[in-house]
$ cat my_file-v2.csv   # CSV, C-alpha atoms
chain,number,residue,atom,x,y,z
A,65,MET,CA,0.0,0.0,0.0
A,66,LYS,CA,1.0,3.5,-0.7
A,67,PHE,CA,0.7,6.3,1.9
A,68,LYS,CA,1.2,10.0,1.8
A,69,ALA,CA,2.6,11.6,4.9
A,70,ARG,CA,2.8,15.2,6.0
A,71,VAL,CA,5.6,15.6,8.5
A,72,HIS,CA,6.1,18.8,10.5
A,73,THR,CA,9.2,19.6,12.5
A,74,SER,CA,9.7,22.7,14.6
A,75,LEU,CA,11.9,23.9,17.4
A,76,LYS,CA,10.8,22.7,20.9
A,77,LYS,CA,9.0,25.3,23.0
A,78,SER,CA,12.0,25.5,25.3
A,79,VAL,CA,14.3,26.5,22.4
A,80,LEU,CA,14.4,30.1,21.3
A,81,ASP,CA,13.4,30.6,17.6
A,82,PRO,CA,15.2,33.7,16.3
A,83,GLN,CA,13.6,33.5,12.9
A,84,GLY,CA,10.1,33.2,14.4
A,85,GLN,CA,10.7,36.2,16.7
A,86,THR,CA,12.0,38.3,13.9
A,87,THR,CA,9.0,37.4,11.7
A,88,LEU,CA,6.6,38.2,14.5
A,89,HIS,CA,8.2,41.5,15.0
A,90,ALA,CA,7.9,42.2,11.3
A,91,LEU,CA,4.1,41.4,11.4
A,92,GLU,CA,3.7,43.7,14.4
A,93,THR,CA,5.6,46.5,12.6
A,94,MET,CA,3.2,46.1,9.6
A,95,GLY,CA,0.3,46.7,11.9
A,96,PHE,CA,-0.8,43.1,12.6
A,97,LYS,CA,-1.1,43.8,16.4
A,98,GLU,CA,-3.2,40.6,16.8
A,99,ALA,CA,-0.2,38.4,16.0
A,100,ARG,CA,0.9,36.8,19.3
A,101,SER,CA,3.6,34.2,18.5
A,102,ILE,CA,5.3,32.5,15.6
A,103,ARG,CA,7.2,29.2,15.5
A,104,ILE,CA,8.9,28.5,12.2
A,105,GLY,CA,9.3,24.8,11.3
A,106,LYS,CA,9.7,22.6,8.3
A,107,TYR,CA,7.2,20.7,6.3
A,108,PHE,CA,7.8,17.4,4.4
A,109,GLU,CA,5.5,15.6,2.0
A,110,LEU,CA,6.6,12.1,1.9
A,111,VAL,CA,5.2,9.1,-0.1
A,112,LEU,CA,6.1,5.7,1.2
A,113,GLU,CA,5.1,2.1,0.7
A,114,ALA,CA,4.1,-0.1,3.6
A,115,ALA,CA,2.1,-3.3,4.3
A,116,ASP,CA,-0.4,-1.4,6.4
A,117,ARG,CA,-0.9,1.9,8.3
A,118,LYS,CA,0.8,0.7,11.4
A,119,LYS,CA,4.0,-0.3,9.5
A,120,ALA,CA,3.9,3.1,7.7
A,121,GLU,CA,3.7,4.9,11.0
A,122,GLU,CA,6.6,2.8,12.4
A,123,SER,CA,8.8,3.7,9.5
A,124,LEU,CA,7.9,7.4,9.7
A,125,HIS,CA,8.8,7.4,13.4
A,126,ALA,CA,12.2,5.8,12.5
A,127,MET,CA,12.8,8.3,9.7
A,128,CYS,CA,12.0,11.2,11.9
A,129,ASP,CA,14.2,9.9,14.8
A,130,LYS,CA,17.1,9.1,12.6
A,131,LEU,CA,17.2,12.0,10.1
A,132,LEU,CA,14.2,14.3,9.7
A,133,HIS,CA,14.3,15.9,13.1
A,134,ASN,CA,17.1,16.6,15.6
A,135,PRO,CA,15.7,15.6,19.0
A,136,VAL,CA,18.0,18.0,20.8
A,137,ILE,CA,16.2,21.0,19.5
A,138,GLU,CA,13.2,19.9,17.5
A,139,GLU,CA,9.9,18.0,17.9
A,140,TYR,CA,7.9,16.5,15.1
A,141,SER,CA,4.4,15.3,14.2
A,142,PHE,CA,2.9,13.7,11.2
A,143,GLU,CA,-0.4,12.7,9.7
A,144,ILE,CA,-0.7,10.0,7.0
A,145,GLN,CA,-3.3,9.0,4.5
A,146,GLU,CA,-3.7,6.0,2.2
A,147,MET,CA,-3.2,6.9,-1.4
A,148,PRO,CA,-5.7,5.6,-4.0
A,149,LEU,CA,-4.2,2.9,-6.2
B,65,MET,CA,51.7,13.2,14.0
B,66,LYS,CA,49.8,12.3,10.8
B,67,ALA,CA,46.6,14.0,9.9
B,68,ALA,CA,43.6,13.6,7.5
B,69,VAL,CA,41.3,16.3,6.3
B,70,ILE,CA,37.8,15.0,5.4
B,71,VAL,CA,36.3,16.4,2.2
B,72,PHE,CA,32.5,16.5,1.8
B,73,PRO,CA,30.7,17.9,-1.2
B,74,GLY,CA,30.4,21.6,-0.1
B,75,SER,CA,33.4,21.6,2.2
B,76,ASN,CA,35.3,24.9,1.6
B,77,CYS,CA,37.9,25.1,4.3
B,78,ASP,CA,39.5,21.8,3.5
B,79,THR,CA,42.4,23.3,1.6
B,80,ASP,CA,42.9,25.9,4.3
B,81,CYS,CA,43.2,23.2,6.9
B,82,PHE,CA,45.5,21.2,4.6
B,83,HIS,CA,47.7,24.2,4.1
B,84,ALA,CA,47.9,25.1,7.8
B,85,LEU,CA,48.9,21.5,8.7
B,86,ARG,CA,51.2,20.7,5.8
B,87,ASP,CA,52.9,24.1,5.0
B,88,VAL,CA,52.7,25.9,8.3
B,89,MET,CA,53.0,23.0,10.8
B,90,LYS,CA,55.0,20.6,8.5
B,91,VAL,CA,52.6,17.8,9.4
B,92,PRO,CA,52.0,14.9,6.9
B,93,VAL,CA,48.4,15.3,5.9
B,94,GLU,CA,46.1,13.9,3.3
B,95,PHE,CA,42.6,14.6,2.0
B,96,VAL,CA,40.0,11.8,2.5
B,97,TRP,CA,36.9,11.9,0.3
B,98,HIS,CA,33.7,11.4,2.3
B,99,LYS,CA,32.8,8.2,0.4
B,100,GLU,CA,35.9,6.5,1.7
B,101,ARG,CA,35.0,3.7,4.1
B,102,ASN,CA,38.5,3.2,5.5
B,103,PHE,CA,40.9,6.0,5.8
B,104,PRO,CA,44.6,5.6,6.5
B,105,LYS,CA,45.7,5.3,10.1
B,106,VAL,CA,46.2,8.8,11.3
B,107,ASP,CA,46.5,10.5,14.6
B,108,LEU,CA,44.3,13.5,13.9
B,109,VAL,CA,41.2,13.8,11.8
B,110,VAL,CA,40.1,17.3,10.8
B,111,ILE,CA,36.5,17.9,9.7
B,112,PRO,CA,36.7,21.2,8.0
B,113,GLY,CA,34.2,24.1,7.6
B,114,GLY,CA,32.0,24.8,4.7
B,115,PHE,CA,28.4,23.9,3.6
B,116,SER,CA,28.4,20.2,3.3
B,117,TYR,CA,25.4,19.1,1.2
B,118,GLY,CA,24.4,22.7,0.9
B,119,ASP,CA,23.3,22.7,4.6
B,120,TYR,CA,20.1,20.9,3.4
B,121,LEU,CA,17.7,19.8,6.1
B,122,ARG,CA,20.0,21.0,8.9
B,123,THR,CA,23.7,21.9,9.0
B,124,GLY,CA,25.7,18.7,9.1
B,125,ALA,CA,22.6,16.5,9.1
B,126,ILE,CA,23.3,14.7,5.8
B,127,ALA,CA,27.1,14.7,6.0
B,128,ARG,CA,26.8,12.9,9.3
B,129,PHE,CA,25.6,9.8,7.3
B,130,SER,CA,28.4,9.9,4.8
B,131,PRO,CA,30.3,6.5,4.7
B,132,VAL,CA,33.5,8.1,6.1
B,133,MET,CA,31.7,9.0,9.3
B,134,ASP,CA,31.7,5.4,10.4
B,135,ALA,CA,35.5,5.4,10.2
B,136,VAL,CA,35.6,8.8,12.0
B,137,THR,CA,33.4,7.4,14.8
B,138,LYS,CA,35.7,4.4,15.2
B,139,HIS,CA,38.7,6.6,15.1
B,140,ALA,CA,37.2,8.7,17.9
B,141,ALA,CA,36.1,5.6,19.9
B,142,GLY,CA,39.7,4.4,19.8
B,143,GLY,CA,40.8,7.5,21.6
B,144,ARG,CA,42.4,9.2,18.7
B,145,SER,CA,41.9,13.0,18.0
B,146,VAL,CA,39.2,14.7,16.0
B,147,VAL,CA,38.8,18.4,15.4
B,148,GLY,CA,35.6,19.7,13.8
B,149,ILE,CA,35.7,23.3,12.8
B,150,CYS,CA,32.6,25.3,12.0
B,151,ASN,CA,30.6,23.0,9.7
B,152,GLY,CA,32.8,20.2,11.1
B,153,PHE,CA,31.5,21.1,14.6
B,154,GLN,CA,27.9,21.0,13.3
B,155,ILE,CA,28.6,17.5,11.8
B,156,LEU,CA,30.0,16.2,15.1
B,157,LEU,CA,26.9,17.5,16.9
B,158,GLU,CA,24.6,15.8,14.4
B,159,ALA,CA,26.6,12.6,14.6
B,160,GLY,CA,26.2,12.6,18.4
B,161,LEU,CA,30.0,12.7,18.9
B,162,LEU,CA,29.5,15.9,20.8
B,163,PRO,CA,26.4,17.0,22.9
B,164,GLY,CA,24.1,19.8,21.8
B,165,ALA,CA,22.9,21.3,18.6
B,166,MET,CA,23.3,24.5,16.5
B,167,LEU,CA,20.7,27.1,16.0
B,168,ARG,CA,20.5,30.0,13.6
B,169,ASN,CA,22.6,33.0,14.8
B,170,LYS,CA,20.5,35.2,17.1
B,171,THR,CA,21.0,38.1,14.8
B,172,LEU,CA,19.9,35.9,11.8
B,173,GLN,CA,23.0,37.3,10.0
B,174,PHE,CA,25.9,35.4,8.6
B,175,ILE,CA,28.8,36.7,10.6
B,176,CYS,CA,32.4,36.8,9.3
B,177,LYS,CA,34.8,38.5,11.6
B,178,HIS,CA,37.7,38.1,14.0
B,179,THR,CA,36.5,37.1,17.5
B,180,TRP,CA,38.3,36.7,20.9
B,181,ILE,CA,37.9,33.4,22.6
B,182,ARG,CA,39.0,32.5,26.1
B,183,THR,CA,40.7,29.2,26.9
B,184,GLU,CA,38.5,27.8,29.6
B,185,GLU,CA,40.3,24.4,29.8
B,186,ASN,CA,44.0,24.0,29.1
B,187,LEU,CA,44.3,20.4,30.2
B,188,THR,CA,43.3,18.9,26.9
B,189,MET,CA,45.4,17.8,24.0
B,190,PHE,CA,44.1,20.7,22.0
B,191,THR,CA,44.9,23.4,24.5
B,192,GLY,CA,48.0,22.3,26.3
B,193,LYS,CA,50.1,25.1,24.9
B,194,MET,CA,47.8,27.8,26.3
B,195,GLU,CA,47.8,29.4,29.7
B,196,PRO,CA,44.6,29.1,31.7
B,197,GLY,CA,42.3,31.8,30.6
B,198,GLU,CA,44.5,32.7,27.6
B,199,VAL,CA,42.7,34.8,25.1
B,200,LEU,CA,43.0,34.0,21.4
B,201,CYS,CA,42.1,36.0,18.3
B,202,VAL,CA,40.4,33.6,15.8
B,203,PRO,CA,37.9,34.4,13.1
B,204,ILE,CA,34.4,33.0,12.8
B,205,ALA,CA,32.4,32.7,9.6
B,206,HIS,CA,28.9,31.2,10.1
B,207,GLY,CA,25.2,31.6,10.0
B,208,GLU,CA,24.4,28.9,12.4
B,209,GLY,CA,26.8,29.0,15.3
B,210,ASN,CA,24.3,29.6,18.1
B,211,TYR,CA,25.2,26.6,20.2
B,212,TYR,CA,22.4,25.1,22.2
B,213,CYS,CA,22.0,22.4,24.8
B,214,ASP,CA,19.6,22.0,27.7
B,215,ASP,CA,20.5,23.1,31.2
B,216,ASP,CA,21.4,19.6,32.4
B,217,THR,CA,23.8,19.1,29.5
B,218,LEU,CA,25.4,22.5,30.2
B,219,LYS,CA,25.9,21.6,33.8
B,220,SER,CA,27.4,18.3,32.8
B,221,LEU,CA,29.7,20.1,30.3
B,222,HIS,CA,31.0,22.4,33.1
B,223,ASP,CA,31.2,19.6,35.7
B,224,HIS,CA,33.4,17.6,33.4
B,225,ASP,CA,35.6,20.5,32.2
B,226,GLN,CA,34.3,20.1,28.6
B,227,VAL,CA,33.8,23.8,27.8
B,228,VAL,CA,37.1,24.6,26.1
B,229,PHE,CA,36.5,28.1,24.5
B,230,ARG,CA,34.1,30.9,25.2
B,231,TYR,CA,33.6,34.2,23.3
B,232,CYS,CA,35.1,37.1,25.2
B,233,SER,CA,36.5,40.6,24.9
B,234,GLU,CA,40.1,41.3,23.9
B,235,THR,CA,40.9,41.3,27.6
B,236,GLY,CA,39.1,38.1,28.4
B,237,GLU,CA,35.8,39.5,29.8
B,238,VAL,CA,32.9,37.2,29.0
B,239,GLY,CA,29.4,38.7,28.4
B,240,GLU,CA,26.5,39.3,26.1
B,241,ALA,CA,28.4,42.1,24.3
B,242,PHE,CA,31.1,39.8,23.2
B,243,ASN,CA,28.9,36.9,22.1
B,244,PRO,CA,28.5,37.2,18.4
B,245,ASN,CA,25.8,34.5,17.8
B,246,GLY,CA,23.8,34.1,21.0
B,247,SER,CA,25.4,30.7,21.9
B,248,LYS,CA,24.5,29.3,25.2
B,249,ASP,CA,26.8,30.4,28.0
B,250,HIS,CA,29.0,32.1,25.3
B,251,ILE,CA,30.3,28.7,24.2
B,252,ALA,CA,32.6,28.7,21.2
B,253,GLY,CA,34.1,25.2,21.5
B,254,ILE,CA,33.6,22.0,23.5
B,255,VAL,CA,35.2,18.6,23.8
B,256,ASN,CA,33.6,15.2,24.4
B,257,ALA,CA,33.7,13.5,27.8
B,258,LYS,CA,36.9,11.6,26.8
B,259,LYS,CA,38.4,14.9,25.6
B,260,ASN,CA,39.7,13.6,22.3
B,261,VAL,CA,37.0,15.2,20.1
B,262,LEU,CA,37.0,19.0,19.8
B,263,GLY,CA,34.3,21.0,18.1
B,264,MET,CA,34.7,24.8,17.7
B,265,MET,CA,33.0,27.5,15.6
B,266,PRO,CA,36.1,29.8,15.2
B,267,HIS,CA,38.6,28.8,12.4
B,268,PRO,CA,42.1,28.2,13.8
B,269,GLU,CA,43.3,27.3,10.3
B,270,ARG,CA,42.5,30.9,9.2
B,271,ALA,CA,44.6,32.2,12.1
B,272,SER,CA,47.8,30.1,11.8
B,273,GLU,CA,50.1,32.7,10.1
B,274,ASP,CA,50.9,36.3,11.0
B,275,LEU,CA,50.1,37.2,7.4
B,276,LEU,CA,46.4,36.4,8.1
B,277,GLY,CA,46.2,38.9,10.9
B,278,SER,CA,46.6,36.4,13.7
B,279,SER,CA,48.5,33.3,14.3
B,280,ASP,CA,46.8,32.4,17.6
B,281,GLY,CA,45.1,29.4,16.0
B,282,ARG,CA,48.5,27.8,15.6
B,283,LYS,CA,48.5,27.0,19.3
B,284,ILE,CA,45.9,24.4,18.8
B,285,TRP,CA,48.0,22.6,16.2
B,286,GLU,CA,51.1,23.1,18.4
B,287,SER,CA,49.3,21.6,21.4
B,288,LEU,CA,48.4,18.5,19.3
B,289,LEU,CA,51.9,18.2,18.0
B,290,ASN,CA,53.2,18.4,21.5
B,291,VAL,CA,51.0,15.4,22.5
B,292,LEU,CA,51.0,13.4,19.3
B,293,GLY,CA,54.6,14.1,18.3

$ encode --input "my_file-v2.csv" --output "structure tokens"
Amino acid sequence: MKFKARVHTSLKKSVLDPQGQTTLHALETMGFKEARSIRIGKYFELVLEAADRKKAEESLHAMCDKLLHNPVIEEYSFEIQEMPL
Amino acid sequence: MKAAVIVFPGSNCDTDCFHALRDVMKVPVEFVWHKERNFPKVDLVVIPGGFSYGDYLRTGAIARFSPVMDAVTKHAAGGRSVVGICNGFQILLEAGLLPGAMLRNKTLQFICKHTWIRTEENLTMFTGKMEPGEVLCVPIAHGEGNYYCDDDTLKSLHDHDQVVFRYCSETGEVGEAFNPNGSKDHIAGIVNAKKNVLGMMPHPERASEDLLGSSDGRKIWESLLNVLG
């Protein structure tokens, strides 16, 4: 089966995000006073083959742990959907 | 002492390191391409600066899986010396050979300038030629040198004398005003617990000859020569 995954990584809450802060400041300067916080992260669209959804989730966790995110500074989440044949 | 300089696609300080070791320090040195699974038996491995794999994903994140890194890990596990400079430091962090991670500079700017760093620990093979607290003038050139680790790791680094260099003023004063990139506790360089792996953001190879404005970086090579012969 083929699955499509959307993986998000971003800096942990405890880690300062200089890009996010600067972007928030820019929004405020532009007059968007309602903006309260920004965390900038990365977004991956990944297509993978797996026997079933559980196996797909297992490989995604492994990929995130090994390469896609750095556990020292980042956290990740993903959602997956089965792709039509 | 024999040395090897690892070359990744996107390394750009490899020839500078090679030059500093061979022409300035008169050390036998060779380049090792990152696809090499076995490199020659050497005493010192230098992972140079640059933009390995274009800094894709995260700095050092892809290079860390290059075939040569297995050999570097074994080399380090055997107690032999490794120096990672700038991108080399980032690769060592991603590889887990040193604790912590790099964030984008606090200013978001790429910073290329001479900095002052204070020798916090002179009982390592990399710093034996320095006096305690000795201040060195060594340039930095990076966009992601904002060293980060959690508070427990920082405490452990200090408890085990692993913080080797911190950014400071010309007279050795440490403080926000002298920290170019926002790094935690003004850290510029650390060693692993066994003290045979050094990672530092400043470039000693760019400060190994008077012609370059400073030859303070030579002291690192001299310290290694002193121990490794």

$ closest_residue --input "my_file-v2.csv" --among "A:Lys106, A:Arg100, A:Lys68, A:His89" --to "Glu139 of chain A" --atoms "all atoms listed in the file"
A:Lys106

$ interface_residues --input "my_file-v2.csv" --of "chain B" --to "chain A" --cutoff "8 Å" --atoms "only C-alpha atoms" --output "number ranges by chain"
B: 121, 125-126, 158, 164-165, 168-172, 212-213

$ atom_distance --input "my_file-v2.csv" --atom1 "atom CA of Gly239 of chain B" --atom2 "atom CA of Asp223 of chain B"
20.5 Å

$ atom_distance --input "my_file-v2.csv" --atom1 "atom CA of Lys77 of chain A" --atom2 "atom CA of Lys248 of chain B"
16.2 Å

$ atom_distance --input "my_file-v2.csv" --atom1 "atom CA of Glu100 of chain B" --atom2 "atom CA of Leu124 of chain A"
29.1 Å

$ residues_around --input "my_file-v2.csv" --residues "segment 200-211 of chain B" --least-positions-apart "3" --cutoff "7 Å" --atoms "all atoms listed in the file" --output "VMD selection string"
chain B and resid 165 to 170 173 to 182 245 to 248 251 265 to 268 270 to 271 278 280 to 281

$ residues_around --input "my_file-v2.csv" --residues "Trp97 of chain B" --least-positions-apart "4" --cutoff "7 Å" --atoms "only C-alpha atoms" --output "list in words"
Ile70, Val71 and Phe72 of chain B

$ closest_residue --input "my_file-v2.csv" --among "B:Ala127, B:Val291, B:Leu187, B:Val136" --to "Met65 of chain B" --atoms "only C-alpha atoms"
B:Val291

$ residues_around --input "my_file-v2.csv" --residues "Phe108 of chain A" --least-positions-apart "6" --cutoff "7 Å" --atoms "all atoms listed in the file" --output "PyMOL selection string"
chain A and resi 70-72

$ residues_around --input "my_file-v2.csv" --residues "Ser272 of chain B" --least-positions-apart "6" --cutoff "9 Å" --atoms "all atoms listed in the file" --output "list in words"
Ala84, Val88, Met89, Ser278, Ser279, Asp280, Gly281, Arg282, Lys283 and Trp285 of chain B
